[in-house]
$ cat entry_18.txt   # compact mmCIF, C-alpha atoms
# COMPACT_ATOMS: atom_id res chain seq x y z
CA MET A 1 -32.78 -41.11 81.71
CA SER A 2 -30.20 -43.73 80.76
CA GLY A 3 -27.50 -45.46 82.76
CA ASP A 4 -25.14 -44.75 79.84
CA GLU A 5 -25.22 -40.98 80.36
CA SER A 6 -22.53 -39.16 82.31
CA ARG A 7 -23.14 -36.06 84.36
CA PRO A 8 -20.91 -34.50 87.02
CA VAL A 9 -22.07 -35.13 90.56
CA PRO A 10 -22.87 -31.86 92.37
CA ARG A 11 -20.31 -31.84 95.16
CA GLY A 12 -20.53 -28.86 97.49
CA ARG A 13 -23.30 -28.15 99.95
CA TRP A 14 -24.55 -25.11 98.05
CA ALA A 15 -24.35 -26.86 94.69
CA ARG A 16 -26.52 -29.69 95.97
CA ALA A 17 -28.92 -27.31 97.70
CA GLY A 18 -29.22 -25.47 94.39
CA GLN A 19 -30.29 -28.70 92.71
CA PHE A 20 -33.13 -29.09 95.21
CA GLY A 21 -34.03 -25.44 94.67
CA ARG A 22 -34.25 -25.95 90.91
CA LEU A 23 -36.34 -29.05 91.48
CA ALA A 24 -38.77 -27.14 93.71
CA GLY A 25 -38.96 -24.34 91.16
CA GLY A 26 -39.58 -26.74 88.30
CA VAL A 27 -42.29 -28.55 90.24
CA ALA A 28 -43.97 -25.27 91.16
CA GLY A 29 -43.92 -24.17 87.53
CA GLY A 30 -45.35 -27.50 86.49
CA MET A 31 -48.14 -27.17 89.05
CA LEU A 32 -49.06 -23.70 87.74
CA ALA A 33 -49.15 -24.88 84.15
CA GLU A 34 -51.16 -27.98 84.98
CA GLY A 35 -53.54 -25.98 87.17
CA ALA A 36 -54.18 -23.48 84.37
CA ARG A 37 -54.80 -26.31 81.91
CA ARG A 38 -57.30 -28.05 84.18
CA LEU A 39 -59.11 -24.88 85.15
CA ALA A 40 -59.47 -24.02 81.47
CA ALA A 41 -61.01 -27.45 80.99
CA GLY A 42 -63.56 -26.73 83.72
CA GLU A 43 -61.94 -28.95 86.38
CA ARG A 44 -61.27 -28.10 90.02
CA PRO A 45 -58.08 -30.04 90.78
CA SER A 46 -56.67 -30.53 94.28
CA GLY A 47 -53.14 -29.47 95.17
CA ARG A 48 -52.11 -33.11 95.43
CA ASP A 49 -53.43 -33.81 91.92
CA LEU A 50 -51.39 -30.91 90.59
CA LEU A 51 -48.25 -32.05 92.40
CA LEU A 52 -48.33 -35.73 91.44
CA THR A 53 -48.41 -35.21 87.69
CA PRO A 54 -46.23 -37.39 85.45
CA ALA A 55 -44.15 -34.33 84.52
CA ASN A 56 -43.44 -33.40 88.14
CA LEU A 57 -42.69 -37.00 89.09
CA THR A 58 -40.27 -37.24 86.19
CA ARG A 59 -38.53 -34.09 87.47
CA LEU A 60 -38.24 -35.69 90.90
CA ALA A 61 -36.78 -38.96 89.61
CA ASP A 62 -34.35 -37.21 87.26
CA ARG A 63 -33.07 -34.80 89.91
CA LEU A 64 -32.58 -37.55 92.49
CA ALA A 65 -30.63 -39.57 89.92
CA HIS A 66 -28.47 -36.51 89.18
CA LEU A 67 -27.70 -35.95 92.86
CA ARG A 68 -27.04 -39.61 93.59
CA GLY A 69 -26.02 -40.35 97.16
CA ALA A 70 -28.58 -40.14 99.94
CA ALA A 71 -31.12 -38.43 97.72
CA MET A 72 -31.25 -41.26 95.22
CA LYS A 73 -30.93 -43.96 97.90
CA LEU A 74 -34.03 -42.66 99.66
CA GLY A 75 -35.90 -42.64 96.36
CA GLN A 76 -34.94 -46.27 95.87
CA MET A 77 -36.06 -47.14 99.38
CA ILE A 78 -39.46 -45.54 98.83
CA SER A 79 -40.03 -47.41 95.58
CA LEU A 80 -38.96 -50.77 97.03
CA ASP A 81 -40.78 -50.57 100.32
CA THR A 82 -44.12 -49.22 99.18
CA GLY A 83 -44.51 -50.25 95.56
CA ASP A 84 -47.87 -51.87 96.31
CA PHE A 85 -49.29 -48.85 98.11
CA LEU A 86 -48.01 -45.69 96.41
CA PRO A 87 -49.94 -44.02 93.60
CA PRO A 88 -49.04 -46.07 90.50
CA GLU A 89 -47.51 -43.13 88.64
CA LEU A 90 -45.16 -42.37 91.55
CA SER A 91 -44.28 -46.03 92.02
CA ASP A 92 -43.47 -46.44 88.31
CA ILE A 93 -41.19 -43.43 88.13
CA LEU A 94 -39.39 -44.02 91.42
CA ALA A 95 -38.82 -47.62 90.32
CA ARG A 96 -36.50 -46.22 87.65
CA LEU A 97 -34.14 -45.26 90.45
CA ARG A 98 -33.60 -48.92 91.30
CA SER A 99 -31.37 -49.46 88.30
CA ASN A 100 -30.66 -46.12 86.60
CA ALA A 101 -28.09 -43.53 87.51
CA PHE A 102 -25.90 -41.10 85.66
CA HIS A 103 -22.22 -41.84 86.01
CA MET A 104 -19.27 -39.52 86.52
CA PRO A 105 -17.54 -38.20 83.42
CA PRO A 106 -13.92 -39.44 83.01
CA GLN A 107 -12.34 -36.22 84.29
CA GLN A 108 -14.26 -36.34 87.57
CA LEU A 109 -13.56 -40.06 87.99
CA SER A 110 -9.84 -39.53 87.45
CA LYS A 111 -9.75 -36.73 90.00
CA VAL A 112 -11.42 -38.94 92.62
CA LEU A 113 -8.96 -41.78 92.00
CA GLU A 114 -5.97 -39.42 92.11
CA THR A 115 -7.14 -38.31 95.55
CA GLU A 116 -7.46 -41.90 96.76
CA TRP A 117 -4.55 -43.61 94.98
CA GLY A 118 -2.18 -40.86 93.86
CA LYS A 119 -1.51 -39.28 90.47
CA ASP A 120 0.19 -42.36 89.00
CA TRP A 121 -2.72 -44.71 89.76
CA ARG A 122 -3.09 -45.86 86.15
CA ARG A 123 0.36 -47.45 86.24
CA ARG A 124 -0.86 -49.88 88.88
CA PHE A 125 -3.15 -51.62 86.41
CA ARG A 126 -2.67 -53.56 83.20
CA ARG A 127 -6.16 -52.42 82.22
CA PHE A 128 -8.75 -50.13 83.81
CA GLN A 129 -12.11 -49.89 82.05
CA ALA A 130 -13.02 -46.21 82.04
CA HIS A 131 -16.72 -46.75 81.40
CA PRO A 132 -18.48 -48.14 84.48
CA ILE A 133 -20.10 -51.55 84.35
CA ALA A 134 -22.66 -50.35 86.89
CA ALA A 135 -23.78 -47.00 88.29
CA ALA A 136 -25.91 -46.74 91.41
CA SER A 137 -26.79 -44.36 94.23
CA ILE A 138 -23.55 -44.19 96.22
CA GLY A 139 -20.91 -45.09 93.65
CA GLN A 140 -20.12 -46.62 90.27
CA VAL A 141 -18.28 -49.85 89.49
CA HIS A 142 -15.38 -50.34 87.09
CA ARG A 143 -13.65 -53.50 85.91
CA ALA A 144 -9.86 -53.61 86.11
CA GLU A 145 -6.97 -56.05 85.74
CA THR A 146 -3.76 -55.87 87.74
CA HIS A 147 -0.31 -56.61 86.37
CA ASP A 148 -0.28 -59.97 88.18
CA GLY A 149 -3.52 -61.01 86.45
CA ARG A 150 -6.16 -60.35 89.11
CA SER A 151 -9.57 -59.36 87.70
CA LEU A 152 -11.18 -56.79 89.98
CA ALA A 153 -14.46 -54.95 90.39
CA ILE A 154 -13.72 -51.49 91.78
CA LYS A 155 -16.47 -49.37 93.29
CA VAL A 156 -15.70 -45.65 93.30
CA GLN A 157 -17.78 -43.40 95.51
CA TYR A 158 -19.26 -40.25 94.03
CA PRO A 159 -17.54 -37.10 95.36
CA GLY A 160 -19.33 -35.27 98.13
CA VAL A 161 -21.75 -38.13 98.89
CA ALA A 162 -20.54 -38.77 102.44
CA GLU A 163 -20.45 -35.07 103.32
CA SER A 164 -23.95 -34.39 101.96
CA ILE A 165 -25.89 -37.19 103.67
CA ASP A 166 -27.55 -35.16 106.43
CA ALA A 167 -28.59 -32.29 104.17
CA ASP A 168 -29.79 -34.63 101.41
CA VAL A 169 -31.96 -36.67 103.77
CA ASP A 170 -33.50 -33.49 105.21
CA ASN A 171 -34.15 -32.09 101.72
CA VAL A 172 -35.80 -35.28 100.45
CA ALA A 173 -37.93 -35.45 103.60
CA ALA A 174 -39.02 -31.86 102.96
CA LEU A 175 -39.99 -32.74 99.39
CA LEU A 176 -42.03 -35.69 100.61
CA ARG A 177 -43.73 -33.48 103.18
CA VAL A 178 -44.70 -30.98 100.50
CA SER A 179 -45.97 -33.79 98.26
CA GLY A 180 -48.40 -34.95 100.93
CA LEU A 181 -46.97 -38.47 100.82
CA LEU A 182 -46.05 -38.24 104.52
CA PRO A 183 -48.78 -37.58 107.12
CA ALA A 184 -48.24 -34.12 108.54
CA GLY A 185 -48.54 -35.27 112.16
CA LEU A 186 -46.20 -38.23 111.92
CA ASP A 187 -42.89 -37.79 113.76
CA ILE A 188 -40.31 -39.18 111.36
CA ALA A 189 -37.31 -37.61 113.11
CA PRO A 190 -36.14 -40.95 114.64
CA LEU A 191 -36.36 -42.65 111.26
CA LEU A 192 -34.52 -39.82 109.52
CA GLY A 193 -31.79 -40.01 112.14
CA GLU A 194 -31.37 -43.74 111.60
CA ALA A 195 -31.46 -43.28 107.81
CA LYS A 196 -28.60 -40.80 108.10
CA ALA A 197 -26.65 -43.22 110.29
CA GLN A 198 -27.15 -46.13 107.89
CA LEU A 199 -26.21 -44.05 104.84
CA ALA A 200 -23.07 -42.90 106.66
CA ARG A 201 -22.20 -46.55 107.24
CA GLU A 202 -22.81 -47.33 103.57
CA ALA A 203 -20.50 -44.50 102.56
CA ASP A 204 -17.60 -46.02 104.54
CA TYR A 205 -16.05 -48.50 102.12
CA VAL A 206 -13.51 -49.78 104.65
CA ARG A 207 -16.46 -50.88 106.79
CA GLU A 208 -18.18 -52.40 103.77
CA GLY A 209 -15.01 -54.36 103.02
CA GLN A 210 -15.12 -55.76 106.55
CA GLN A 211 -18.76 -56.77 106.08
CA LEU A 212 -17.84 -58.40 102.76
CA GLN A 213 -15.25 -60.53 104.54
CA ARG A 214 -17.72 -61.28 107.33
CA TYR A 215 -20.30 -62.62 104.89
CA GLY A 216 -17.65 -64.64 103.10
CA GLN A 217 -16.95 -66.41 106.39
CA LEU A 218 -20.63 -66.80 107.35
CA LEU A 219 -21.46 -68.38 103.99
CA ALA A 220 -18.39 -70.61 103.76
CA ASP A 221 -20.76 -73.58 104.24
CA ALA A 222 -23.16 -72.39 101.50
CA PRO A 223 -21.71 -73.29 98.06
CA GLU A 224 -24.89 -72.05 96.38
CA PHE A 225 -23.72 -68.48 97.08
CA VAL A 226 -20.63 -66.62 95.90
CA VAL A 227 -19.25 -63.68 97.89
CA PRO A 228 -16.47 -61.67 96.20
CA THR A 229 -13.06 -61.55 97.88
CA LEU A 230 -11.92 -58.20 99.25
CA ASP A 231 -8.76 -56.73 97.71
CA GLU A 232 -7.30 -54.65 100.52
CA THR A 233 -4.49 -53.24 98.35
CA PHE A 234 -6.81 -50.90 96.48
CA THR A 235 -9.51 -50.36 99.12
CA THR A 236 -9.88 -47.00 100.87
CA SER A 237 -12.75 -45.27 102.64
CA ARG A 238 -14.00 -44.08 99.22
CA VAL A 239 -12.89 -46.95 96.93
CA LEU A 240 -13.82 -50.61 97.39
CA ALA A 241 -11.91 -53.27 95.43
CA MET A 242 -12.97 -56.92 95.21
CA SER A 243 -12.65 -59.92 92.95
CA PHE A 244 -14.70 -59.68 89.76
CA VAL A 245 -17.39 -62.36 89.50
CA GLU A 246 -18.50 -63.21 85.95
CA SER A 247 -22.28 -63.21 86.17
CA ARG A 248 -25.58 -61.97 84.80
CA PRO A 249 -28.34 -59.84 86.36
CA ILE A 250 -30.65 -61.89 88.57
CA GLU A 251 -33.47 -60.83 86.22
CA ALA A 252 -32.09 -63.42 83.78
CA LEU A 253 -34.27 -65.85 85.76
CA ASP A 254 -37.31 -64.28 84.09
CA ASP A 255 -36.87 -66.51 81.06
CA MET A 256 -35.91 -69.70 82.89
CA ALA A 257 -37.95 -72.74 83.82
CA GLN A 258 -40.22 -72.71 86.87
CA ASP A 259 -38.08 -75.16 88.84
CA ILE A 260 -34.95 -73.02 88.33
CA ARG A 261 -36.76 -69.88 89.50
CA ASP A 262 -38.20 -71.75 92.47
CA LEU A 263 -34.76 -73.06 93.51
CA ALA A 264 -33.15 -69.61 93.29
CA MET A 265 -35.87 -68.00 95.42
CA THR A 266 -35.81 -70.88 97.91
CA ARG A 267 -32.10 -70.19 98.41
CA ILE A 268 -32.66 -66.45 98.80
CA VAL A 269 -35.53 -66.85 101.29
CA ALA A 270 -33.48 -69.38 103.28
CA LEU A 271 -30.60 -66.90 103.37
CA VAL A 272 -32.82 -64.13 104.76
CA LEU A 273 -33.98 -66.48 107.52
CA ARG A 274 -30.36 -67.43 108.31
CA GLU A 275 -29.47 -63.74 108.50
CA LEU A 276 -32.34 -63.08 110.88
CA PHE A 277 -32.13 -66.05 113.23
CA GLU A 278 -28.66 -67.59 112.83
CA PHE A 279 -26.17 -64.90 111.78
CA GLY A 280 -27.67 -61.96 113.68
CA VAL A 281 -26.57 -59.70 110.83
CA MET A 282 -28.54 -58.78 107.73
CA GLN A 283 -27.75 -57.06 104.45
CA THR A 284 -30.81 -54.80 104.56
CA ASP A 285 -30.76 -53.48 100.98
CA PRO A 286 -32.88 -55.80 98.77
CA ASN A 287 -32.11 -53.97 95.51
CA TYR A 288 -32.27 -56.53 92.70
CA ALA A 289 -28.83 -55.43 91.47
CA ASN A 290 -27.31 -56.90 94.63
CA TYR A 291 -28.02 -60.40 93.36
CA ARG A 292 -26.22 -61.82 90.30
CA LEU A 293 -26.64 -65.18 88.59
CA LEU A 294 -23.71 -67.38 87.60
CA GLU A 295 -23.89 -69.79 84.66
CA ASP A 296 -23.93 -72.81 86.99
CA GLY A 297 -26.93 -71.48 88.93
CA ARG A 298 -25.05 -70.12 91.92
CA ILE A 299 -25.99 -66.66 93.16
CA ALA A 300 -23.42 -63.93 93.71
CA LEU A 301 -24.11 -61.51 96.55
CA LEU A 302 -22.99 -57.90 96.20
CA ASP A 303 -23.05 -54.62 98.12
CA PHE A 304 -22.68 -55.11 101.86
CA GLY A 305 -22.72 -51.46 102.84
CA ALA A 306 -26.21 -51.87 104.30
CA ALA A 307 -25.24 -54.93 106.38
CA GLN A 308 -26.04 -54.34 110.03
CA ASP A 309 -26.54 -56.30 113.21
CA VAL A 310 -30.10 -57.39 114.03
CA PRO A 311 -30.86 -56.54 117.69
CA GLY A 312 -31.98 -59.43 119.90
CA PRO A 313 -35.45 -57.97 120.58
CA ILE A 314 -36.09 -57.70 116.83
CA ARG A 315 -35.11 -61.35 116.29
CA ASP A 316 -37.25 -62.40 119.25
CA GLY A 317 -40.21 -60.45 117.87
CA TYR A 318 -40.00 -62.19 114.51
CA ARG A 319 -39.57 -65.56 116.23
CA THR A 320 -42.79 -65.00 118.19
CA LEU A 321 -44.71 -63.76 115.16
CA LEU A 322 -43.60 -66.50 112.79
CA GLY A 323 -44.04 -69.23 115.39
CA ALA A 324 -47.59 -68.08 116.06
CA ALA A 325 -48.29 -67.82 112.33
CA LEU A 326 -47.14 -71.41 111.75
CA ALA A 327 -49.40 -72.51 114.61
CA GLY A 328 -52.34 -70.55 113.18
CA ASP A 329 -52.61 -68.59 116.46
CA ALA A 330 -54.20 -65.30 115.37
CA GLU A 331 -54.36 -63.78 118.85
CA THR A 332 -50.65 -64.30 119.49
CA VAL A 333 -49.87 -62.89 116.04
CA LYS A 334 -51.79 -59.71 116.90
CA ARG A 335 -50.20 -59.35 120.34
CA GLY A 336 -46.77 -60.07 118.86
CA ALA A 337 -47.25 -57.46 116.14
CA VAL A 338 -47.95 -54.80 118.78
CA ALA A 339 -45.14 -55.96 121.08
CA ALA A 340 -42.59 -55.97 118.24
CA GLY A 341 -43.67 -52.49 117.11
CA PHE A 342 -45.13 -53.42 113.72
CA ILE A 343 -48.34 -51.69 114.71
CA GLY A 344 -49.31 -49.37 117.55
CA GLN A 345 -51.66 -50.32 120.35
CA ALA A 346 -54.10 -47.74 118.98
CA VAL A 347 -54.62 -49.86 115.87
CA ALA A 348 -55.54 -52.90 117.97
CA ASP A 349 -57.83 -50.79 120.16
CA ARG A 350 -59.55 -48.75 117.43
CA HIS A 351 -59.53 -51.15 114.46
CA GLY A 352 -59.67 -54.57 116.03
CA GLU A 353 -62.05 -56.08 113.47
CA ALA A 354 -60.04 -54.85 110.48
CA LEU A 355 -56.85 -56.10 112.10
CA ASP A 356 -58.49 -59.49 112.68
CA ARG A 357 -59.39 -59.72 109.01
CA MET A 358 -55.87 -58.80 107.91
CA VAL A 359 -54.32 -61.42 110.21
CA GLN A 360 -56.72 -64.07 108.94
CA VAL A 361 -55.80 -63.23 105.33
CA VAL A 362 -52.10 -63.67 106.10
CA LEU A 363 -52.65 -66.94 107.96
CA ALA A 364 -54.86 -68.30 105.16
CA GLU A 365 -52.13 -67.55 102.61
CA LEU A 366 -49.45 -69.16 104.73
CA HIS A 367 -51.49 -72.31 105.32
CA LYS A 368 -52.64 -72.95 101.77
CA SER A 369 -51.73 -76.44 100.60
CA GLY A 370 -48.52 -76.72 98.59
CA PRO A 371 -45.70 -74.19 98.33
CA PHE A 372 -46.29 -70.48 98.79
CA ASP A 373 -46.97 -68.85 95.42
CA PHE A 374 -45.22 -65.47 95.39
CA GLY A 375 -46.84 -64.70 92.03
CA ASP A 376 -50.36 -64.79 93.47
CA ARG A 377 -50.69 -61.36 95.07
CA ALA A 378 -54.47 -61.12 95.07
CA PHE A 379 -54.48 -61.10 98.89
CA LEU A 380 -52.66 -57.75 98.81
CA THR A 381 -55.79 -56.10 97.44
CA ILE A 382 -57.64 -57.09 100.59
CA MET A 383 -54.73 -56.03 102.78
CA ARG A 384 -54.55 -52.69 101.00
CA GLU A 385 -58.26 -51.99 101.45
CA GLU A 386 -58.17 -52.79 105.15
CA GLY A 387 -54.90 -50.94 105.62
CA MET A 388 -56.13 -47.76 103.91
CA ALA A 389 -59.04 -47.51 106.32
CA ILE A 390 -56.66 -47.77 109.27
CA ALA A 391 -54.21 -45.29 107.71
CA ALA A 392 -57.01 -42.74 107.33
CA ASP A 393 -57.34 -42.63 111.14
CA LYS A 394 -54.71 -40.14 112.29
CA ALA A 395 -55.02 -41.33 115.88
CA SER A 396 -53.68 -44.72 114.74
CA TRP A 397 -50.54 -43.47 113.04
CA HIS A 398 -47.48 -45.30 114.27
CA LEU A 399 -43.85 -45.42 113.18
CA PRO A 400 -42.14 -48.78 113.88
CA PRO A 401 -38.61 -48.80 115.32
CA ALA A 402 -35.96 -48.01 112.70
CA ASP A 403 -34.16 -51.34 113.17
CA LEU A 404 -37.41 -53.16 112.51
CA LEU A 405 -38.12 -51.10 109.39
CA PHE A 406 -34.74 -51.92 107.86
CA VAL A 407 -35.19 -55.66 108.49
CA GLN A 408 -38.73 -55.56 107.13
CA ARG A 409 -37.45 -53.67 104.10
CA LYS A 410 -35.24 -56.66 103.26
CA ILE A 411 -38.11 -59.10 103.80
CA SER A 412 -40.53 -57.03 101.70
CA GLY A 413 -37.98 -56.59 98.93
CA THR A 414 -37.34 -60.34 98.91
CA ALA A 415 -41.08 -60.95 98.51
CA LEU A 416 -41.15 -58.52 95.56
CA LEU A 417 -38.30 -60.42 93.93
CA GLY A 418 -40.21 -63.68 94.42
CA ALA A 419 -43.29 -62.06 92.87
CA ARG A 420 -41.28 -60.97 89.86
CA PHE A 421 -40.20 -64.55 89.21
CA LYS A 422 -43.63 -65.98 90.12
CA ALA A 423 -41.68 -68.39 92.31
CA LYS A 424 -43.24 -71.15 94.38
CA VAL A 425 -41.40 -71.81 97.64
CA ASP A 426 -41.99 -74.02 100.67
CA VAL A 427 -41.99 -71.02 102.98
CA ARG A 428 -43.60 -72.93 105.85
CA GLY A 429 -40.88 -75.55 105.77
CA LEU A 430 -38.11 -72.95 105.62
CA ILE A 431 -39.57 -71.01 108.56
CA ALA A 432 -40.04 -74.15 110.63
CA ALA A 433 -36.41 -75.15 109.99
CA ALA A 434 -35.13 -71.65 110.85
CA LEU A 435 -37.11 -71.50 114.10
CA ALA A 436 -35.72 -74.90 115.11
CA THR A 437 -32.12 -73.62 115.04

$ encode --input "entry_18.txt" --output "structure tokens"
Amino acid sequence: MSGDESRPVPRGRWARAGQFGRLAGGVAGGMLAEGARRLAAGERPSGRDLLLTPANLTRLADRLAHLRGAAMKLGQMISLDTGDFLPPELSDILARLRSNAFHMPPQQLSKVLETEWGKDWRRRFRRFQAHPIAAASIGQVHRAETHDGRSLAIKVQYPGVAESIDADVDNVAALLRVSGLLPAGLDIAPLLGEAKAQLAREADYVREGQQLQRYGQLLADAPEFVVPTLDETFTTSRVLAMSFVESRPIEALDDMAQDIRDLAMTRIVALVLRELFEFGVMQTDPNYANYRLLEDGRIALLDFGAAQDVPGPIRDGYRTLLGAALAGDAETVKRGAVAAGFIGQAVADRHGEALDRMVQVVLAELHKSGPFDFGDRAFLTIMREEGMAIAADKASWHLPPADLLFVQRKISGTALLGARFKAKVDVRGLIAAALAT
């Protein structure tokens, strides 16, 4: 699958349902073929082994990319949030959804823009680049220049995305149920409801434009960040226009010196803490593509569709947890984790010793001398082993509040970005400063 390929986005309800039907049929056929092959080889494979084959996982990733919208967005969320805990083959293939998407062919793009801007829309530009400079889950981005010389980035939403959110979320959840990746007894209805609500917010580009302006104001005192300027002339509920920022992917830091990588991640971590404790609003999508690097080292911030207010109880919960962690107070950390909803009381009651060990691992990492080394993830092996034992106990299953999950998604994604760059950051100092505000 390549981001340079175009493919029409299935628009109607039945067309999109048909895509899921073809996916299910292809997966079933793949399971039969793989089962026959393994039985012939004298093996006795489980249903899960037959389902999670590379071929079936490729079908899943490709179909989600074709559908775009909520389907692909959920695939991205799975790969970002649980990359350290999913089966490696599933994690690898879903990770492709972070940066790859088919884009609309020119005829479909033109039809969308005629609907939003009128049939003579091309006359409003000196130049409109037909091939997108980026293609993602909700829309694709084009570069354009107006007659008065403004250079714009214009995000065009895929047709049918907003109307298909509820059905797409339900269909993806059904696929995950069948795959066995979701515990059968876990009630995910509240989370699915919140996922639908957030995706509906992301599909409203007028709202995203307002969030873009909001962040521009919030970060007016932070010259290390660049927030594009909204262009209201060309913005509609399905088209978002903003100033074009000349920049490179944040992954360009891969090849830069340690001190440059450390500075960039220090700024990003500090921003997350400001969002949580100072702004009370957080852009909860940590996709790497939402960060861009300018030549002078500044960081451009993109895509504010997932920006949402952080409820007071969530902020208070993090304040308690982080304050206790800085103080090395393991008991308060455990109580705070239950009170905030990170874990259920059943975990503390049934797996107290394992929970104690996990808390001690986290505290030991936080209190190591020198800056926190995001590249050293050895402690996650211990966390994973302890966590798997708890997860195997169905009586301990617990789903945190949706608001908490979205905030934690941003925090976890930020940690993954730091790990990619092997950055070393004074996390203790940044937390202490944030808690003092």

$ closest_residue --input "entry_18.txt" --among "A:Glu246, A:Gly429, A:Arg274, A:Asp255" --to "Gly323 in chain A" --atoms "only C-alpha atoms"
A:Gly429

$ atom_distance --input "entry_18.txt" --atom1 "CA of Leu322 in chain A" --atom2 "CA of Pro401 in chain A"
18.6 Å

$ closest_residue --input "entry_18.txt" --among "A:Pro400, A:Gly297, A:Pro223, A:Gly352" --to "Ala264 in chain A" --atoms "all atoms listed in the file"
A:Gly297

$ closest_residue --input "entry_18.txt" --among "A:Gly118, A:Pro190, A:Gly418, A:Pro228" --to "Arg292 in chain A" --atoms "all atoms listed in the file"
A:Pro228

$ residues_around --input "entry_18.txt" --residues "Thr414 in chain A" --least-positions-apart "5" --cutoff "9 Å" --atoms "all atoms listed in the file" --output "MDAnalysis selection string"
chainID A and resid 265 268:269 272 286:288 409 419

$ write_last_selection --input "entry_18.txt" --atoms "C-alpha atoms" --output "compact mmCIF listing (two decimals), in the coordinates of the input"
# COMPACT_ATOMS: atom_id res chain seq x y z
CA MET A 265 -35.87 -68.00 95.42
CA ILE A 268 -32.66 -66.45 98.80
CA VAL A 269 -35.53 -66.85 101.29
CA VAL A 272 -32.82 -64.13 104.76
CA PRO A 286 -32.88 -55.80 98.77
CA ASN A 287 -32.11 -53.97 95.51
CA TYR A 288 -32.27 -56.53 92.70
CA ARG A 409 -37.45 -53.67 104.10
CA ALA A 419 -43.29 -62.06 92.87

$ closest_residue --input "entry_18.txt" --among "A:Ala200, A:Thr266, A:Ala130, A:His147" --to "Ser164 in chain A" --atoms "all atoms listed in the file"
A:Ala200

$ closest_residue --input "entry_18.txt" --among "A:Ile382, A:Ile431, A:Ala340, A:Leu417" --to "Leu366 in chain A" --atoms "only C-alpha atoms"
A:Ile431

$ residues_near_point --input "entry_18.txt" --point "(-12.7, -43.3, 101.0)" --cutoff "7 Å" --atoms "only C-alpha atoms" --output "VMD selection string"
chain A and resid 116 204 to 205 236 to 239

$ residues_around --input "entry_18.txt" --residues "Ala389 in chain A" --least-positions-apart "5" --cutoff "10 Å" --atoms "only C-alpha atoms" --output "list in words"
His351, Ala354 and Arg384 of chain A

$ write_last_selection --input "entry_18.txt" --atoms "C-alpha atoms" --output "PDB file, in the frame of the given file"
ATOM      1  CA  HIS A 351     -59.530 -51.150 114.460  1.00  0.00           C
ATOM      2  CA  ALA A 354     -60.040 -54.850 110.480  1.00  0.00           C
ATOM      3  CA  ARG A 384     -54.550 -52.690 101.000  1.00  0.00           C
TER       4      ARG A 384
END

$ atom_distance --input "entry_18.txt" --atom1 "CA of Thr381 in chain A" --atom2 "CA of Ala364 in chain A"
14.5 Å

$ atom_distance --input "entry_18.txt" --atom1 "CA of Arg335 in chain A" --atom2 "CA of Phe279 in chain A"
26.1 Å

$ closest_residue --input "entry_18.txt" --among "A:Ala392, A:Leu321, A:Val333, A:Leu152" --to "Ile133 in chain A" --atoms "all atoms listed in the file"
A:Leu152

$ residues_around --input "entry_18.txt" --residues "Thr229 in chain A" --least-positions-apart "5" --cutoff "10 Å" --atoms "all atoms listed in the file" --output "ChimeraX atom specification"
/A:152,209,212-213,216,241-245

$ write_last_selection --input "entry_18.txt" --atoms "C-alpha atoms" --output "mmCIF file, in the frame of the given file"
data_model
loop_
_atom_site.group_PDB
_atom_site.id
_atom_site.type_symbol
_atom_site.label_atom_id
_atom_site.label_comp_id
_atom_site.auth_asym_id
_atom_site.auth_seq_id
_atom_site.Cartn_x
_atom_site.Cartn_y
_atom_site.Cartn_z
ATOM 1 C CA LEU A 152 -11.180 -56.790 89.980
ATOM 2 C CA GLY A 209 -15.010 -54.360 103.020
ATOM 3 C CA LEU A 212 -17.840 -58.400 102.760
ATOM 4 C CA GLN A 213 -15.250 -60.530 104.540
ATOM 5 C CA GLY A 216 -17.650 -64.640 103.100
ATOM 6 C CA ALA A 241 -11.910 -53.270 95.430
ATOM 7 C CA MET A 242 -12.970 -56.920 95.210
ATOM 8 C CA SER A 243 -12.650 -59.920 92.950
ATOM 9 C CA PHE A 244 -14.700 -59.680 89.760
ATOM 10 C CA VAL A 245 -17.390 -62.360 89.500
#

$ residues_around --input "entry_18.txt" --residues "Leu380 in chain A" --least-positions-apart "3" --cutoff "10 Å" --atoms "all atoms listed in the file" --output "compact mmCIF listing (two decimals) with C-alpha atoms, in the coordinates of the input"
# COMPACT_ATOMS: atom_id res chain seq x y z
CA ASP A 84 -47.87 -51.87 96.31
CA PHE A 85 -49.29 -48.85 98.11
CA MET A 358 -55.87 -58.80 107.91
CA VAL A 361 -55.80 -63.23 105.33
CA VAL A 362 -52.10 -63.67 106.10
CA ASP A 376 -50.36 -64.79 93.47
CA ARG A 377 -50.69 -61.36 95.07
CA MET A 383 -54.73 -56.03 102.78
CA ARG A 384 -54.55 -52.69 101.00
CA GLU A 385 -58.26 -51.99 101.45
CA GLU A 386 -58.17 -52.79 105.15
CA GLY A 387 -54.90 -50.94 105.62

$ residues_around --input "entry_18.txt" --residues "Ala325 in chain A" --least-positions-apart "5" --cutoff "10 Å" --atoms "all atoms listed in the file" --output "PyMOL selection string"
chain A and resi 319-320+330-334+359-360+362-364+366-367+428
